[in-house]
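As provided, protein-v1.txt (compact mmCIF, C-alpha atoms and all ligand atoms) reads as follows.
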# COMPACT_ATOMS: atom_id res chain seq x y z
CA MET N 1 14.56 -9.39 17.50
CA ARG N 2 13.88 -13.11 17.79
CA ALA N 3 10.52 -12.69 16.08
CA LYS N 4 12.22 -10.74 13.29
CA MET N 5 14.75 -13.54 12.82
CA GLN N 6 11.92 -16.06 12.71
CA ASN N 7 10.17 -13.83 10.18
CA ASN N 8 13.33 -13.73 8.09
CA ALA N 9 13.64 -17.53 8.27
CA LYS N 10 10.02 -17.86 7.15
CA ARG N 11 10.68 -15.28 4.46
CA GLY N 12 13.57 -17.44 3.24
CA GLU N 13 11.27 -20.45 3.00
CA PHE N 14 8.67 -18.49 1.12
CA MET N 15 11.12 -16.83 -1.22
CA GLN N 16 11.82 -20.28 -2.62
CA ASN N 17 8.44 -20.17 -4.26
CA ASN N 18 8.62 -16.37 -4.33
CA THR N 19 5.17 -15.80 -2.80
CA ILE N 20 5.07 -12.99 -0.29
CA VAL N 21 1.31 -12.59 0.24
CA HIS N 22 -1.35 -15.24 -0.22
CA VAL N 23 -5.10 -14.59 0.05
CA GLN N 24 -7.16 -17.73 0.51
CA GLY N 25 -10.94 -17.88 0.18
CA VAL N 26 -11.65 -14.46 1.65
CA HIS N 27 -15.26 -13.41 2.19
CA LYS N 28 -16.25 -10.17 3.87
CA GLU N 29 -19.68 -9.19 5.13
CA LEU N 30 -20.73 -6.05 6.95
CA SER N 31 -23.92 -5.79 8.94
CA ASN N 32 -26.07 -3.16 10.52
CA ASP N 33 -29.01 -3.77 12.87
CA GLU N 34 -31.29 -5.01 10.10
CA LYS N 35 -29.23 -6.49 7.31
CA THR N 36 -25.97 -8.16 6.30
CA PHE N 37 -24.19 -6.83 3.22
CA PRO N 38 -21.80 -9.10 1.32
CA ILE N 39 -18.76 -7.03 0.23
CA LEU N 40 -16.16 -9.58 -0.97
CA HIS N 41 -16.76 -13.08 -2.33
CA ASN N 42 -14.22 -15.90 -2.36
CA ILE N 43 -11.11 -13.85 -3.12
CA ASN N 44 -8.02 -15.90 -3.93
CA LEU N 45 -4.75 -14.33 -5.04
CA SER N 46 -1.00 -14.33 -4.47
CA ILE N 47 1.62 -11.63 -4.82
CA CYS N 48 5.25 -12.52 -5.49
CA GLN N 49 8.26 -10.79 -4.05
CA GLY N 50 9.08 -7.70 -6.09
CA GLU N 51 5.84 -7.94 -8.03
CA TRP N 52 3.66 -4.89 -8.77
CA VAL N 53 -0.05 -5.72 -8.92
CA SER N 54 -2.62 -3.13 -9.95
CA LEU N 55 -6.19 -3.45 -8.65
CA VAL N 56 -8.95 -1.73 -10.60
CA GLY N 57 -12.73 -1.80 -10.48
CA PRO N 58 -15.80 0.41 -10.22
CA SER N 59 -16.45 2.58 -7.19
CA GLY N 60 -17.98 0.45 -4.43
CA SER N 61 -16.66 -2.85 -5.84
CA GLY N 62 -14.65 -3.55 -2.65
CA LYS N 63 -11.09 -2.46 -3.52
CA THR N 64 -10.43 -0.50 -0.30
CA THR N 65 -12.03 -3.28 1.75
CA LEU N 66 -9.78 -5.92 0.15
CA LEU N 67 -6.67 -3.77 0.57
CA GLY N 68 -7.50 -3.19 4.25
CA ILE N 69 -7.91 -6.92 4.85
CA MET N 70 -4.68 -7.76 3.03
CA ALA N 71 -2.84 -5.07 5.01
CA GLY N 72 -4.11 -6.46 8.31
CA ILE N 73 -6.09 -3.39 9.33
CA ASP N 74 -9.40 -5.22 8.86
CA ARG N 75 -10.33 -8.88 9.31
CA PRO N 76 -12.06 -11.15 6.78
CA THR N 77 -15.40 -12.68 7.80
CA THR N 78 -14.01 -16.01 6.60
CA GLY N 79 -10.81 -16.92 4.77
CA LYS N 80 -7.14 -16.37 5.49
CA ILE N 81 -4.31 -13.95 4.66
CA PHE N 82 -0.73 -15.22 4.79
CA MET N 83 2.38 -13.06 4.64
CA HIS N 84 5.82 -14.68 4.61
CA GLY N 85 3.90 -17.88 5.37
CA GLN N 86 2.45 -16.50 8.62
CA GLU N 87 -1.30 -16.24 8.90
CA ILE N 88 -1.84 -12.58 9.75
CA SER N 89 -5.64 -12.87 9.75
CA SER N 90 -5.50 -14.89 12.97
CA MET N 91 -2.83 -12.85 14.80
CA ARG N 92 -3.73 -11.07 18.00
CA GLU N 93 -3.90 -7.29 17.64
CA ALA N 94 -0.58 -6.51 19.37
CA GLN N 95 1.34 -9.05 17.29
CA LEU N 96 -0.38 -7.86 14.13
CA ALA N 97 0.41 -4.21 14.90
CA LYS N 98 4.10 -5.04 15.28
CA PHE N 99 4.07 -7.10 12.08
CA ARG N 100 2.35 -4.27 10.19
CA ASN N 101 4.86 -1.74 11.48
CA GLU N 102 7.83 -3.81 10.32
CA GLU N 103 6.61 -5.42 7.12
CA ILE N 104 3.71 -3.47 5.61
CA GLY N 105 3.46 0.05 4.20
CA ILE N 106 0.01 1.51 3.62
CA ILE N 107 -1.04 4.59 1.69
CA PHE N 108 -4.69 5.20 2.54
CA GLN N 109 -7.29 6.75 0.27
CA SER N 110 -7.64 9.40 3.00
CA PHE N 111 -4.24 10.46 4.28
CA PHE N 112 -4.80 10.19 8.08
CA LEU N 113 -2.00 12.61 8.82
CA ILE N 114 -1.83 13.79 12.43
CA SER N 115 -2.81 17.45 12.34
CA SER N 116 -0.78 18.51 15.40
CA LEU N 117 2.46 17.08 13.97
CA THR N 118 4.73 18.54 11.30
CA ALA N 119 5.35 16.74 8.00
CA LEU N 120 8.69 15.53 9.41
CA GLU N 121 7.11 14.19 12.61
CA ASN N 122 4.26 12.51 10.71
CA VAL N 123 6.75 10.58 8.58
CA ALA N 124 8.89 9.70 11.61
CA VAL N 125 5.94 8.29 13.62
CA PRO N 126 6.33 4.66 12.43
CA LEU N 127 10.04 4.83 13.33
CA PHE N 128 9.54 6.17 16.85
CA ILE N 129 8.55 2.69 18.00
CA GLY N 130 11.67 1.23 19.59
CA LYS N 131 14.12 3.48 17.75
CA ASN N 132 16.32 6.44 18.55
CA LYS N 133 14.41 9.69 17.93
CA ARG N 134 17.28 11.49 16.14
CA HIS N 135 17.74 8.52 13.82
CA ALA N 136 13.98 8.48 13.14
CA LEU N 137 13.90 12.19 12.24
CA ASP N 138 16.98 11.90 9.99
CA LYS N 139 15.45 8.96 8.14
CA ALA N 140 12.11 10.77 7.84
CA ALA N 141 13.87 13.85 6.41
CA ASP N 142 15.63 11.64 3.86
CA MET N 143 12.34 10.04 2.81
CA LEU N 144 10.65 13.44 2.52
CA ALA N 145 13.53 14.55 0.29
CA GLN N 146 12.84 11.56 -1.95
CA VAL N 147 9.26 12.75 -2.44
CA GLY N 148 10.43 16.32 -3.07
CA LEU N 149 9.37 17.86 0.23
CA SER N 150 12.64 18.93 1.85
CA HIS N 151 11.30 22.48 1.92
CA ARG N 152 8.16 21.48 3.86
CA LEU N 153 9.61 19.50 6.78
CA ASN N 154 8.23 21.77 9.48
CA ASN N 155 4.80 22.47 8.00
CA ARG N 156 1.73 20.93 9.58
CA PRO N 157 -0.85 19.18 7.34
CA HIS N 158 -3.22 22.19 7.15
CA GLN N 159 -0.32 24.22 5.74
CA LEU N 160 0.21 21.73 2.89
CA SER N 161 -1.64 21.28 -0.40
CA GLY N 162 -3.59 18.07 -1.08
CA GLY N 163 -0.79 16.73 -3.28
CA GLU N 164 1.85 17.61 -0.67
CA GLN N 165 -0.17 15.84 2.05
CA GLN N 166 -0.40 12.81 -0.23
CA ARG N 167 3.38 12.81 -0.63
CA VAL N 168 3.84 13.00 3.17
CA ALA N 169 1.54 9.95 3.44
CA ILE N 170 3.64 8.18 0.79
CA ALA N 171 6.86 8.98 2.66
CA ARG N 172 5.35 7.71 5.92
CA ALA N 173 4.33 4.43 4.26
CA LEU N 174 7.81 3.83 2.84
CA VAL N 175 10.06 5.09 5.64
CA THR N 176 10.15 1.72 7.43
CA GLU N 177 11.33 -0.03 4.25
CA PRO N 178 8.37 -2.43 4.22
CA ALA N 179 8.32 -5.71 2.30
CA ILE N 180 5.04 -4.75 0.64
CA LEU N 181 3.31 -1.46 -0.06
CA TYR N 182 -0.47 -1.28 -0.29
CA ALA N 183 -1.52 1.97 -1.94
CA ASP N 184 -5.13 3.10 -2.32
CA GLU N 185 -5.41 5.70 -5.09
CA PRO N 186 -1.91 7.09 -4.38
CA THR N 187 -2.11 9.53 -7.29
CA GLY N 188 -5.67 10.72 -6.60
CA ASN N 189 -4.48 14.20 -5.60
CA LEU N 190 -1.45 14.53 -7.84
CA ASP N 191 -1.16 16.23 -11.20
CA SER N 192 0.07 14.11 -14.11
CA SER N 193 3.69 15.22 -13.74
CA SER N 194 3.72 14.44 -10.00
CA SER N 195 2.00 11.10 -10.70
CA GLN N 196 4.77 10.22 -13.11
CA GLN N 197 7.38 11.21 -10.50
CA LEU N 198 5.68 8.97 -7.95
CA MET N 199 5.66 6.05 -10.39
CA THR N 200 9.39 6.60 -10.97
CA LEU N 201 10.02 6.62 -7.20
CA LEU N 202 8.03 3.41 -6.73
CA HIS N 203 9.93 1.67 -9.55
CA THR N 204 13.21 2.80 -7.96
CA LEU N 205 12.25 1.57 -4.48
CA ARG N 206 10.93 -1.66 -5.90
CA LYS N 207 14.27 -2.29 -7.58
CA ARG N 208 16.39 -1.14 -4.63
CA GLN N 209 14.42 -2.91 -1.84
CA ASN N 210 12.74 -5.67 -3.85
CA LEU N 211 9.50 -4.05 -2.73
CA SER N 212 6.20 -5.70 -3.67
CA LEU N 213 3.28 -3.43 -4.43
CA MET N 214 -0.47 -3.59 -4.72
CA VAL N 215 -1.85 -0.34 -6.11
CA VAL N 216 -5.55 0.50 -6.30
CA THR N 217 -6.28 3.04 -9.00
CA HIS N 218 -8.89 4.37 -11.36
CA ASP N 219 -6.15 5.79 -13.61
CA ILE N 220 -5.40 3.55 -16.59
CA ASN N 221 -1.90 5.04 -16.89
CA VAL N 222 -1.11 4.18 -13.26
CA ALA N 223 -2.63 0.68 -13.59
CA ALA N 224 -0.41 0.03 -16.60
CA HIS N 225 2.68 0.17 -14.35
CA GLY N 226 1.64 -3.15 -12.81
CA ASP N 227 3.06 -6.50 -13.90
CA ARG N 228 -0.55 -7.67 -13.61
CA VAL N 229 -3.90 -5.90 -13.45
CA LEU N 230 -6.61 -7.47 -11.28
CA HIS N 231 -10.23 -6.46 -11.82
CA LEU N 232 -12.75 -6.42 -9.00
CA TYR N 233 -16.47 -6.33 -9.83
CA ASP N 234 -19.13 -6.50 -7.12
CA GLY N 235 -16.65 -8.01 -4.68
CA MET N 236 -15.43 -10.69 -7.09
CA LEU N 237 -12.10 -10.92 -8.88
CA ASP N 238 -12.53 -11.27 -12.61
CA ASP N 239 -9.70 -13.04 -14.38
CA LYS N 240 -11.01 -12.31 -17.84
CA PRO N 241 -12.05 -8.68 -17.91
CA ALA N 242 -14.03 -7.26 -20.79
CA ASN N 243 -11.76 -4.21 -20.88
CA THR N 244 -8.53 -5.60 -22.27
CA ALA N 245 -7.03 -2.12 -22.59
CA LEU N 246 -6.07 -2.39 -18.92
CA ASN N 247 -4.44 -5.74 -19.46
CA ARG N 248 -1.74 -4.54 -21.76
CA PRO N 249 1.85 -5.35 -20.71
CA ALA N 250 3.42 -3.27 -17.98
CA VAL N 251 4.99 -0.03 -19.15
CA THR N 252 8.74 0.34 -19.05
CA ILE N 253 10.08 3.58 -17.69
CA PRO N 254 13.73 4.53 -17.20
CA ILE N 255 14.99 3.96 -13.64
CA PRO N 256 17.56 6.48 -12.37
CA GLN N 257 20.92 4.90 -11.55
CA ASN N 258 21.40 6.82 -8.30
CA ASP N 259 18.98 8.06 -5.71
CA PRO N 260 16.08 9.70 -7.48
CA ASN N 261 16.63 13.37 -6.83
CA LEU N 262 13.18 13.96 -8.18
CA ASP N 263 11.86 17.22 -9.43
CA TRP N 264 8.29 17.17 -8.22
CA GLY N 265 7.35 20.41 -9.98
CA ARG N 266 6.88 22.55 -6.88
N1 LIG O 301 -18.45 0.44 7.21
C1 LIG O 301 -19.27 0.09 6.21
N2 LIG O 301 -20.55 -0.24 6.42
C2 LIG O 301 -21.37 -0.62 5.41
N3 LIG O 301 -20.97 -0.71 4.13
C3 LIG O 301 -19.69 -0.38 3.85
C4 LIG O 301 -18.76 0.04 4.86
N4 LIG O 301 -17.57 0.28 4.28
C5 LIG O 301 -17.75 0.05 2.97
N5 LIG O 301 -19.01 -0.36 2.71
C6 LIG O 301 -19.57 -0.73 1.40
O1 LIG O 301 -18.75 -1.76 0.89
C7 LIG O 301 -18.66 -1.63 -0.53
C8 LIG O 301 -17.21 -1.62 -0.93
O2 LIG O 301 -16.61 -0.42 -0.43
P1 LIG O 301 -15.11 -0.05 -0.77
O3 LIG O 301 -14.79 1.19 -0.02
O4 LIG O 301 -14.25 -1.24 -0.51
O5 LIG O 301 -15.20 0.22 -2.35
P2 LIG O 301 -14.09 0.75 -3.36
O6 LIG O 301 -14.03 -0.23 -4.48
O7 LIG O 301 -12.83 1.05 -2.64
O8 LIG O 301 -14.76 2.09 -3.91
P3 LIG O 301 -14.06 3.49 -4.37
O9 LIG O 301 -13.48 3.23 -5.73
O10 LIG O 301 -15.23 4.44 -4.42
O11 LIG O 301 -13.06 3.89 -3.36
C9 LIG O 301 -19.42 -0.36 -0.91
O12 LIG O 301 -20.69 -0.74 -1.38
C10 LIG O 301 -19.52 0.39 0.40
O13 LIG O 301 -20.68 1.17 0.43
MG MG O 302 -11.83 2.83 -2.20
How does this structure look as structure tokens?
Ligand SMILES: Nc1ncnc2c1ncn2[C@@H]1O[C@H](COP(=O)(O)OP(=O)(O)OP(=O)(O)O)[C@@H](O)[C@H]1O
Ligand SMILES: [Mg+2]
Amino acid sequence: MRAKMQNNAKRGEFMQNNTIVHVQGVHKELSNDEKTFPILHNINLSICQGEWVSLVGPSGSGKTTLLGIMAGIDRPTTGKIFMHGQEISSMREAQLAKFRNEEIGIIFQSFFLISSLTALENVAVPLFIGKNKRHALDKAADMLAQVGLSHRLNNRPHQLSGGEQQRVAIARALVTEPAILYADEPTGNLDSSSSQQLMTLLHTLRKRQNLSLMVVTHDINVAAHGDRVLHLYDGMLDDKPANTALNRPAVTIPIPQNDPNLDWGR
């Protein structure tokens, strides 16, 4: 509780300049027995509160690696990651895990759903920590309704389609009402209509919760939802990309006034 209050105080300080995440001089290397492979080179970027940043780049350019480091599930070789002014890259694992649970939502490129749990239980997992179980399940059911899966609460992952599993992963990432959502190819398994519904949901949540987003995508239509599009090539951010088509202004889509009772085209 005290830590949360301190976090909120720090958040207040940082909201004055509106920066929620700051990446400073990040390098990442991976090594095997014989060789060291550079993956990311001197990455510097900031994300403001409520901002939607798209991250694009060729396969293997380091997008997932960067997202993992920014989300605190991987560590940089050198450099620092700040969130709400706190350096998460130097936190001990237990403190970082708590911080991640409260502040960060992650949609992985692979879903990492727990096969022995139902869709409802998978979404409730992040809420089970320190919370009443009934409350967690009710909140999880509400979040699953928002991604159009009220009729699949009790199915286990192997009983769900790829797109349905992706939506369960999305619900799990958002159920804790994080300050920032990191999403790695969130529409990779969705058809174009479901992709559009997801974009609408993310715009709604962003408006309602002042959610910040960083979305990795290969889909030009998804990237265009960002306020900014960052390009990663060979582990380096390129401010002046050759492909200006991806740098067009963010698209404007209508935001529902009430809760988005979305029709996900079942
Ligand atoms: N554990 C690892 N060991 C060695 N190399 C790795 C490891 N994980 C990733 N890499 C390499 O790091 C580079 C960046 O990988 P990363 O997964 O971040 O790329 P990406 O931009 O997300 O690609 P994609 O668009 O295909 O998902 C790739 O060359 C990859 O082969
Ligand atoms: Mg990737």
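For the pair CA of Gly235 (chain N) and CA of Phe82 (chain N), the interatomic distance is 19.9 Å.
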For CA of Asp227 (chain N) and CA of Lys28 (chain N), quote the distance in Å rounded to one decimal.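 Rounded to one decimal, the two atoms are 26.5 Å apart.
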Which residue is closest to ligand LIG 301 (chain O)? Choose from N:Leu190, N:Val229, N:Ile104, N:Val56 and count all atoms listed in the file. N:Val56
Let me have all residues with an atom within 8 Å of ligand MG 302 (chain O), counting all atoms listed in the file, laid out as a PyMOL selection string. chain N and resi 59-60+62-65+109+184-185+216
Exercise answer, 12 Å around ligand LIG 301 (chain O) with only C-alpha atoms and all ligand atoms, as a ChimeraX atom specification: /N:28-41,55-69,74,108-110,183-186,188,215-219,231-237
Non-local contacts of Ser116 (chain N) (12 Å; all atoms listed in the file; under 5 positions in same chain excluded) as a PDB file with C-alpha atoms, in the coordinates of the input:
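Dumped to selection-v7.pdb:
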ATOM      1  CA  GLU N 121       7.110  14.190  12.610  1.00  0.00           C
ATOM      2  CA  ASN N 122       4.260  12.510  10.710  1.00  0.00           C
ATOM      3  CA  ASN N 154       8.230  21.770   9.480  1.00  0.00           C
ATOM      4  CA  ASN N 155       4.800  22.470   8.000  1.00  0.00           C
ATOM      5  CA  ARG N 156       1.730  20.930   9.580  1.00  0.00           C
ATOM      6  CA  PRO N 157      -0.850  19.180   7.340  1.00  0.00           C
ATOM      7  CA  HIS N 158      -3.220  22.190   7.150  1.00  0.00           C
ATOM      8  CA  GLN N 159      -0.320  24.220   5.740  1.00  0.00           C
TER       9      GLN N 159
END
Between CA of Gly105 (chain N) and CA of Val123 (chain N), what is the distance, to one decimal in Å? 11.9 Å
In terms of the shortest atom-to-atom distance over only C-alpha atoms, which of N:Tyr182, N:Ala145, N:Asn18, N:Thr118 is closest to Gly72 (chain N)? N:Tyr182
Counting all atoms listed in the file, I want the residues whose atoms come within 12 Å of (17.3, 12.7, 9.6) in the file frame, returned as a list in words.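 In the file's frame, the residues around the point are Leu120, Glu121, Val123, Ala124, Leu127, Asn132, Lys133, Arg134, His135, Ala136, Leu137, Asp138, Lys139, Ala140, Ala141, Asp142, Met143, Leu144, Ala145, Ser150, Leu153 and Val175 of chain N.
When only C-alpha atoms are used to measure the gap to Ala169 (chain N), the shortest distance among N:Ser89, N:Thr187, N:Ile220, N:Leu113 belongs to N:Leu113.
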Shortest contact to Gly163 (chain N), candidates N:Ala224, N:Val147, N:Met83, N:Leu201, atoms counted only C-alpha atoms, goes to N:Val147
Considering only C-alpha atoms, can you say which of N:Ser115, N:Gln165, N:Ile106, N:Thr77 comes closest to Leu213 (chain N)?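 Closest candidate: N:Ile106.
Of the listed residues (N:Gly79, N:Leu117, N:Arg228, N:Met70), N:Met70 comes nearest to Leu96 (chain N); the distances count only C-alpha atoms.
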Using the file's own x, y and z axes, what box holds all listed atoms of region 176-181 of chain N with 5 Å on each side, keeping edges along x, y and z, and what are its centre and edge lengths in Å to one decimal, as JSON?
{"center_x": 7.3, "center_y": -2.0, "center_z": 3.7, "size_x": 18.0, "size_y": 17.4, "size_z": 17.5}
Could you complete region 101-123 of chain N so that it carries N, CA and C atoms, and give it back as an mmCIF file, in the frame of the given file?
data_model
loop_
_atom_site.group_PDB
_atom_site.id
_atom_site.type_symbol
_atom_site.label_atom_id
_atom_site.label_comp_id
_atom_site.auth_asym_id
_atom_site.auth_seq_id
_atom_site.Cartn_x
_atom_site.Cartn_y
_atom_site.Cartn_z
ATOM 1 N N ASN N 101 3.862 -2.810 11.375
ATOM 2 C CA ASN N 101 4.860 -1.740 11.480
ATOM 3 C C ASN N 101 6.173 -2.117 10.794
ATOM 4 N N GLU N 102 6.539 -3.388 10.874
ATOM 5 C CA GLU N 102 7.830 -3.810 10.320
ATOM 6 C C GLU N 102 7.758 -4.219 8.851
ATOM 7 N N GLU N 103 6.636 -4.753 8.430
ATOM 8 C CA GLU N 103 6.610 -5.420 7.120
ATOM 9 C C GLU N 103 5.716 -4.753 6.075
ATOM 10 N N ILE N 104 4.749 -3.939 6.533
ATOM 11 C CA ILE N 104 3.710 -3.470 5.610
ATOM 12 C C ILE N 104 3.673 -1.948 5.574
ATOM 13 N N GLY N 105 3.668 -1.399 4.368
ATOM 14 C CA GLY N 105 3.460 0.050 4.200
ATOM 15 C C GLY N 105 2.073 0.265 3.610
ATOM 16 N N ILE N 106 1.374 1.269 4.109
ATOM 17 C CA ILE N 106 0.010 1.510 3.620
ATOM 18 C C ILE N 106 -0.147 2.984 3.266
ATOM 19 N N ILE N 107 -0.634 3.236 2.057
ATOM 20 C CA ILE N 107 -1.040 4.590 1.690
ATOM 21 C C ILE N 107 -2.557 4.561 1.571
ATOM 22 N N PHE N 108 -3.227 5.237 2.476
ATOM 23 C CA PHE N 108 -4.690 5.200 2.540
ATOM 24 C C PHE N 108 -5.290 6.153 1.513
ATOM 25 N N GLN N 109 -6.561 5.866 1.178
ATOM 26 C CA GLN N 109 -7.290 6.750 0.270
ATOM 27 C C GLN N 109 -7.455 8.128 0.927
ATOM 28 N N SER N 110 -7.720 8.147 2.231
ATOM 29 C CA SER N 110 -7.640 9.400 3.000
ATOM 30 C C SER N 110 -6.285 9.358 3.690
ATOM 31 N N PHE N 111 -5.661 10.507 3.897
ATOM 32 C CA PHE N 111 -4.240 10.460 4.280
ATOM 33 C C PHE N 111 -4.008 10.093 5.741
ATOM 34 N N PHE N 112 -4.961 10.445 6.638
ATOM 35 C CA PHE N 112 -4.800 10.190 8.080
ATOM 36 C C PHE N 112 -3.497 10.751 8.630
ATOM 37 N N LEU N 113 -3.156 11.957 8.204
ATOM 38 C CA LEU N 113 -2.000 12.610 8.820
ATOM 39 C C LEU N 113 -2.439 13.176 10.168
ATOM 40 N N ILE N 114 -1.507 13.270 11.096
ATOM 41 C CA ILE N 114 -1.830 13.790 12.430
ATOM 42 C C ILE N 114 -1.674 15.306 12.395
ATOM 43 N N SER N 115 -2.792 16.007 12.621
ATOM 44 C CA SER N 115 -2.810 17.450 12.340
ATOM 45 C C SER N 115 -1.894 18.249 13.264
ATOM 46 N N SER N 116 -1.621 17.742 14.462
ATOM 47 C CA SER N 116 -0.780 18.510 15.400
ATOM 48 C C SER N 116 0.707 18.288 15.143
ATOM 49 N N LEU N 117 1.050 17.352 14.241
ATOM 50 C CA LEU N 117 2.460 17.080 13.970
ATOM 51 C C LEU N 117 2.894 17.699 12.648
ATOM 52 N N THR N 118 4.192 18.032 12.556
ATOM 53 C CA THR N 118 4.730 18.540 11.300
ATOM 54 C C THR N 118 4.841 17.394 10.289
ATOM 55 N N ALA N 119 5.131 17.768 9.041
ATOM 56 C CA ALA N 119 5.350 16.740 8.000
ATOM 57 C C ALA N 119 6.448 15.786 8.443
ATOM 58 N N LEU N 120 7.544 16.348 8.977
ATOM 59 C CA LEU N 120 8.690 15.530 9.410
ATOM 60 C C LEU N 120 8.260 14.549 10.502
ATOM 61 N N GLU N 121 7.531 15.056 11.490
ATOM 62 C CA GLU N 121 7.110 14.190 12.610
ATOM 63 C C GLU N 121 6.123 13.126 12.150
ATOM 64 N N ASN N 122 5.217 13.509 11.226
ATOM 65 C CA ASN N 122 4.260 12.510 10.710
ATOM 66 C C ASN N 122 4.985 11.337 10.060
ATOM 67 N N VAL N 123 6.015 11.659 9.276
ATOM 68 C CA VAL N 123 6.750 10.580 8.580
ATOM 69 C C VAL N 123 7.564 9.760 9.571
#
